[in-house]
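These notes are about the structure you will find just below.
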Amino acid sequence: NETPQVPVTCITGSLLPMEPELGIEFELPSGPNLAIHGLLFFKTLSFAMPADDVLHAIVSSRPWGGCVQIAFGPHGLRRVGLRLLRPESWRVDELAQGLNKDNRKKDIARCSKALAASQHRFFEYAAEGDGYSVSVGYCR
């Protein structure tokens with residue numbers, strides 16, 4: 001069983017003295033295990049794996065593609081984000097519930113209308129020093 005290649009697709013640096021100061025992005029190999037490969041970054045970087053219901057929501061979304069973004073500040077690792085692109089199944093409600101967070105549907109609907117976007121294009125599950133979050137993104 002061969003380990004998939006995970007290429008670096010982006011390296012970032014802040015021009016301002018603000019965190020995160022540096023970042024790196026890895027493109028995930030496409031296929032049915034894309035989300036699992038992304039979640040392994042969390043485990044490798046000593047973040048807890050998500051609870052079973054959150055894990056199920058992420059894996060069952062069946063994304064078309066994805067990436068992992070890792071950000072560093074002056075004191076080390078700051079943030080790890082798993083961005084899932086064009087998922088076949090939107091599990092944002094399940095993710096928010098699993099993380100005990102409010103789902104801001106009205107705000108999301110206003111953003112969608114302002115951008116004339118008919119649907120989310122990605123969602124992101126992220127871990128930071130103070131907890132976990134879920135966000136959605138729109139593209140025209």
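In the structure tokens, each chain is lettered A, B, ... as it comes, each chain's residues begin at 1, and ligands are numbered from 1 in order of appearance.
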
| message | Could you pull out the strand (DSSP E or B) residues of range 12-75 of chain A, going by DSSP on the backbone, and write them as a PyMOL selection string? | response | chain A and resi 12-13+22-27+65-73

| Nearest to Cys10 in chain A: which of A:Phe41, A:Glu94, A:Gln69, A:Gly129 is it, counting only C-alpha atoms? |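 Distance minimum relative to Cys10 in chain A lands on A:Gln69.
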
| Neighbours of Pro74 in chain A within 12 Å (only C-alpha atoms; same-chain residues fewer than 2 positions away dropped), as a VMD selection string? | chain A and resid 14 17 to 23 71 to 72 76 to 78

Using the selection just defined, write its residues with N, CA, C and O atoms as a JSON list (two decimals), in the first residue's frame.
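File produced: out_30.json:
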```
[["chain", "number", "residue", "atom", "x", "y", "z"],
["A", 14, "SER", "N", 2.83, 36.82, 5.51],
["A", 14, "SER", "CA", 2.17, 38.08, 5.80],
["A", 14, "SER", "C", 3.13, 39.25, 5.61],
["A", 14, "SER", "O", 4.29, 39.19, 6.03],
["A", 17, "PRO", "N", 2.85, 42.60, 10.45],
["A", 17, "PRO", "CA", 3.24, 41.82, 11.64],
["A", 17, "PRO", "C", 2.02, 41.26, 12.37],
["A", 17, "PRO", "O", 1.69, 41.65, 13.48],
["A", 18, "MET", "N", 1.30, 40.35, 11.68],
["A", 18, "MET", "CA", 0.10, 39.75, 12.24],
["A", 18, "MET", "C", 0.15, 38.25, 12.04],
["A", 18, "MET", "O", 0.78, 37.77, 11.12],
["A", 19, "GLU", "N", -0.54, 37.54, 12.93],
["A", 19, "GLU", "CA", -0.63, 36.09, 12.78],
["A", 19, "GLU", "C", -1.78, 35.74, 11.85],
["A", 19, "GLU", "O", -2.77, 36.45, 11.83],
["A", 20, "PRO", "N", -1.73, 34.66, 11.11],
["A", 20, "PRO", "CA", -0.55, 33.83, 10.93],
["A", 20, "PRO", "C", 0.46, 34.51, 10.02],
["A", 20, "PRO", "O", 0.09, 35.19, 9.08],
["A", 21, "GLU", "N", 1.71, 34.33, 10.31],
["A", 21, "GLU", "CA", 2.76, 34.98, 9.54],
["A", 21, "GLU", "C", 3.17, 34.18, 8.31],
["A", 21, "GLU", "O", 3.52, 34.74, 7.30],
["A", 22, "LEU", "N", 3.14, 32.86, 8.44],
["A", 22, "LEU", "CA", 3.53, 31.98, 7.34],
["A", 22, "LEU", "C", 2.49, 30.89, 7.15],
["A", 22, "LEU", "O", 1.85, 30.47, 8.10],
["A", 23, "GLY", "N", 2.35, 30.43, 5.92],
["A", 23, "GLY", "CA", 1.41, 29.36, 5.66],
["A", 23, "GLY", "C", 1.88, 28.47, 4.53],
["A", 23, "GLY", "O", 2.71, 28.87, 3.70],
["A", 71, "ALA", "N", -1.03, 27.05, 9.02],
["A", 71, "ALA", "CA", -0.53, 28.39, 9.29],
["A", 71, "ALA", "C", 0.32, 28.41, 10.55],
["A", 71, "ALA", "O", 0.03, 27.72, 11.52],
["A", 72, "PHE", "N", 1.37, 29.23, 10.49],
["A", 72, "PHE", "CA", 2.32, 29.35, 11.60],
["A", 72, "PHE", "C", 2.42, 30.80, 12.05],
["A", 72, "PHE", "O", 2.39, 31.71, 11.23],
["A", 76, "GLY", "N", 4.92, 29.15, 16.62],
["A", 76, "GLY", "CA", 4.72, 27.83, 16.04],
["A", 76, "GLY", "C", 3.39, 27.67, 15.34],
["A", 76, "GLY", "O", 2.79, 28.64, 14.87],
["A", 77, "LEU", "N", 2.91, 26.45, 15.31],
["A", 77, "LEU", "CA", 1.69, 26.09, 14.61],
["A", 77, "LEU", "C", 0.50, 26.89, 15.14],
["A", 77, "LEU", "O", 0.28, 26.97, 16.34],
["A", 78, "ARG", "N", -0.25, 27.49, 14.24],
["A", 78, "ARG", "CA", -1.37, 28.36, 14.64],
["A", 78, "ARG", "C", -2.72, 27.79, 14.22],
["A", 78, "ARG", "O", -3.71, 27.90, 14.92]]
```

| request: Find the spatial neighbours of Thr9 in chain A, counting only C-alpha atoms, within a cut-off of 12 Å - ignore same-chain residues fewer than 3 positions away - and output them as a list in words. | output: Val6, Thr12, Gly23, Ile24, Glu25, Phe26, Glu27, Leu28, Gly66, Cys67, Val68, Gln69 and Ile70 of chain A

Convert the current residue selection to file output with all heavy atoms, as a short mmCIF file (atom, residue, chain, number, x, y, z; two decimals), in the first residue's frame.
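Output (part_32.cif):
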```
data_model
loop_
_atom_site.label_atom_id
_atom_site.label_comp_id
_atom_site.auth_asym_id
_atom_site.auth_seq_id
_atom_site.Cartn_x
_atom_site.Cartn_y
_atom_site.Cartn_z
N VAL A 6 1.48 14.20 -1.84
CA VAL A 6 0.67 15.37 -1.48
C VAL A 6 1.51 16.61 -1.80
O VAL A 6 2.34 17.03 -1.00
CB VAL A 6 0.26 15.34 0.01
CG1 VAL A 6 -0.62 16.53 0.34
CG2 VAL A 6 -0.44 14.04 0.36
N THR A 12 2.57 31.00 1.75
CA THR A 12 2.16 32.37 1.99
C THR A 12 3.00 33.02 3.08
O THR A 12 3.58 32.33 3.92
CB THR A 12 0.68 32.45 2.41
OG1 THR A 12 0.51 31.75 3.64
CG2 THR A 12 -0.22 31.85 1.35
N GLY A 23 2.35 30.43 5.92
CA GLY A 23 1.41 29.36 5.66
C GLY A 23 1.88 28.47 4.53
O GLY A 23 2.71 28.87 3.70
N ILE A 24 1.35 27.28 4.51
CA ILE A 24 1.65 26.33 3.46
C ILE A 24 0.36 25.57 3.14
O ILE A 24 -0.44 25.31 4.04
CB ILE A 24 2.80 25.38 3.87
CG1 ILE A 24 3.24 24.52 2.70
CG2 ILE A 24 2.42 24.54 5.07
CD1 ILE A 24 4.57 23.81 2.95
N GLU A 25 0.16 25.28 1.86
CA GLU A 25 -1.04 24.58 1.43
C GLU A 25 -0.66 23.33 0.66
O GLU A 25 0.24 23.37 -0.18
CB GLU A 25 -1.89 25.49 0.55
CG GLU A 25 -3.16 24.85 0.03
CD GLU A 25 -3.97 25.81 -0.81
OE1 GLU A 25 -4.56 26.75 -0.23
OE2 GLU A 25 -4.00 25.63 -2.04
N PHE A 26 -1.34 22.24 0.96
CA PHE A 26 -1.11 20.96 0.29
C PHE A 26 -2.37 20.56 -0.46
O PHE A 26 -3.46 20.56 0.11
CB PHE A 26 -0.80 19.86 1.31
CG PHE A 26 0.45 20.09 2.10
CD1 PHE A 26 0.41 20.77 3.31
CD2 PHE A 26 1.67 19.63 1.64
CE1 PHE A 26 1.56 20.98 4.05
CE2 PHE A 26 2.83 19.83 2.37
CZ PHE A 26 2.77 20.51 3.57
N GLU A 27 -2.22 20.20 -1.73
CA GLU A 27 -3.34 19.68 -2.49
C GLU A 27 -3.51 18.20 -2.15
O GLU A 27 -2.53 17.45 -2.12
CB GLU A 27 -3.07 19.82 -3.99
CG GLU A 27 -4.20 19.34 -4.86
CD GLU A 27 -3.90 19.50 -6.34
OE1 GLU A 27 -2.99 20.26 -6.69
OE2 GLU A 27 -4.57 18.85 -7.13
N LEU A 28 -4.73 17.81 -1.91
CA LEU A 28 -5.00 16.41 -1.55
C LEU A 28 -5.26 15.58 -2.80
O LEU A 28 -5.86 16.08 -3.76
CB LEU A 28 -6.21 16.34 -0.62
CG LEU A 28 -6.01 17.01 0.74
CD1 LEU A 28 -7.32 17.09 1.49
CD2 LEU A 28 -4.97 16.26 1.55
N GLY A 66 -9.75 18.95 -2.78
CA GLY A 66 -9.53 19.58 -1.48
C GLY A 66 -8.08 19.89 -1.22
O GLY A 66 -7.19 19.52 -1.99
N CYS A 67 -7.87 20.59 -0.12
CA CYS A 67 -6.51 20.95 0.28
C CYS A 67 -6.46 21.10 1.79
O CYS A 67 -7.49 21.23 2.46
CB CYS A 67 -6.07 22.23 -0.41
SG CYS A 67 -7.06 23.69 0.02
N VAL A 68 -5.27 21.08 2.31
CA VAL A 68 -5.02 21.34 3.72
C VAL A 68 -4.15 22.58 3.80
O VAL A 68 -3.14 22.69 3.10
CB VAL A 68 -4.32 20.15 4.41
CG1 VAL A 68 -3.88 20.51 5.82
CG2 VAL A 68 -5.23 18.94 4.44
N GLN A 69 -4.56 23.52 4.63
CA GLN A 69 -3.81 24.76 4.83
C GLN A 69 -3.29 24.77 6.27
O GLN A 69 -4.06 24.58 7.21
CB GLN A 69 -4.71 25.96 4.58
CG GLN A 69 -5.25 25.98 3.17
CD GLN A 69 -6.41 26.93 2.99
OE1 GLN A 69 -7.16 27.18 3.93
NE2 GLN A 69 -6.56 27.46 1.80
N ILE A 70 -2.00 25.01 6.40
CA ILE A 70 -1.36 25.03 7.71
C ILE A 70 -0.74 26.41 7.90
O ILE A 70 -0.03 26.89 7.01
CB ILE A 70 -0.28 23.93 7.82
CG1 ILE A 70 -0.93 22.57 7.57
CG2 ILE A 70 0.41 23.98 9.18
CD1 ILE A 70 0.06 21.44 7.43
#
```

| query | Quick one: DSSP alpha helix (DSSP H) residues in range 10-41 of chain A, as a ChimeraX atom specification? | reply | /A:34-41

Could the residues in this selection be saved with C-alpha atoms as a short mmCIF file (atom, residue, chain, number, x, y, z; two decimals), in the first residue's frame?
```
data_model
loop_
_atom_site.label_atom_id
_atom_site.label_comp_id
_atom_site.auth_asym_id
_atom_site.auth_seq_id
_atom_site.Cartn_x
_atom_site.Cartn_y
_atom_site.Cartn_z
CA LEU A 34 -9.58 12.55 0.01
CA ALA A 35 -11.21 13.71 3.27
CA ILE A 36 -9.50 10.97 5.30
CA HIS A 37 -6.09 12.00 3.90
CA GLY A 38 -6.84 15.58 4.92
CA LEU A 39 -7.90 14.62 8.43
CA LEU A 40 -4.67 12.70 8.93
CA PHE A 41 -2.85 16.06 8.85
#
```

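Reported to one decimal place, the separation of CA of Leu82 in chain A from CA of Ser135 in chain A is 10.4 Å.
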
| field | Top pick for closest residue to His56 in chain A, considering A:Leu95, A:Gly81, A:Arg110, A:Pro29 and counting only C-alpha atoms | value | A:Leu95

| task | Name the residues in contact with Phe42 in chain A at a cut-off of 9 Å, using only C-alpha atoms, excluding same-chain residues fewer than 5 positions from it; report them as a list in words. | result |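 Using only C-alpha atoms, the neighbours found are Phe47, Ala48, Met49, Val80, Gly81, Leu82 and Ala127 of chain A.
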
The selected residues should be written to file as a PDB file, in the first residue's frame (atoms: N, CA and C atoms).
```
ATOM      1  N   PHE A  47      -3.427  17.643  16.612  1.00  0.00           N
ATOM      2  CA  PHE A  47      -4.787  18.092  16.884  1.00  0.00           C
ATOM      3  C   PHE A  47      -5.642  16.844  17.024  1.00  0.00           C
ATOM      4  N   ALA A  48      -6.631  16.902  17.881  1.00  0.00           N
ATOM      5  CA  ALA A  48      -7.509  15.745  18.084  1.00  0.00           C
ATOM      6  C   ALA A  48      -8.322  15.482  16.820  1.00  0.00           C
ATOM      7  N   MET A  49      -8.516  14.214  16.533  1.00  0.00           N
ATOM      8  CA  MET A  49      -9.407  13.848  15.441  1.00  0.00           C
ATOM      9  C   MET A  49     -10.820  14.242  15.857  1.00  0.00           C
ATOM     10  N   VAL A  80      -4.828  24.704  11.383  1.00  0.00           N
ATOM     11  CA  VAL A  80      -4.874  23.688  10.336  1.00  0.00           C
ATOM     12  C   VAL A  80      -6.294  23.691   9.791  1.00  0.00           C
ATOM     13  N   GLY A  81      -6.433  23.821   8.480  1.00  0.00           N
ATOM     14  CA  GLY A  81      -7.753  23.842   7.862  1.00  0.00           C
ATOM     15  C   GLY A  81      -7.857  22.809   6.752  1.00  0.00           C
ATOM     16  N   LEU A  82      -8.966  22.108   6.709  1.00  0.00           N
ATOM     17  CA  LEU A  82      -9.264  21.153   5.644  1.00  0.00           C
ATOM     18  C   LEU A  82     -10.370  21.762   4.792  1.00  0.00           C
ATOM     19  N   ALA A 127      -8.993  23.784  12.744  1.00  0.00           N
ATOM     20  CA  ALA A 127      -8.606  23.712  14.150  1.00  0.00           C
ATOM     21  C   ALA A 127      -7.634  24.842  14.436  1.00  0.00           C
TER      22      ALA A 127
END
```

| Interatomic distance (Å, one decimal) between CA of Trp64 in chain A and CA of Ser133 in chain A | 21.2 Å
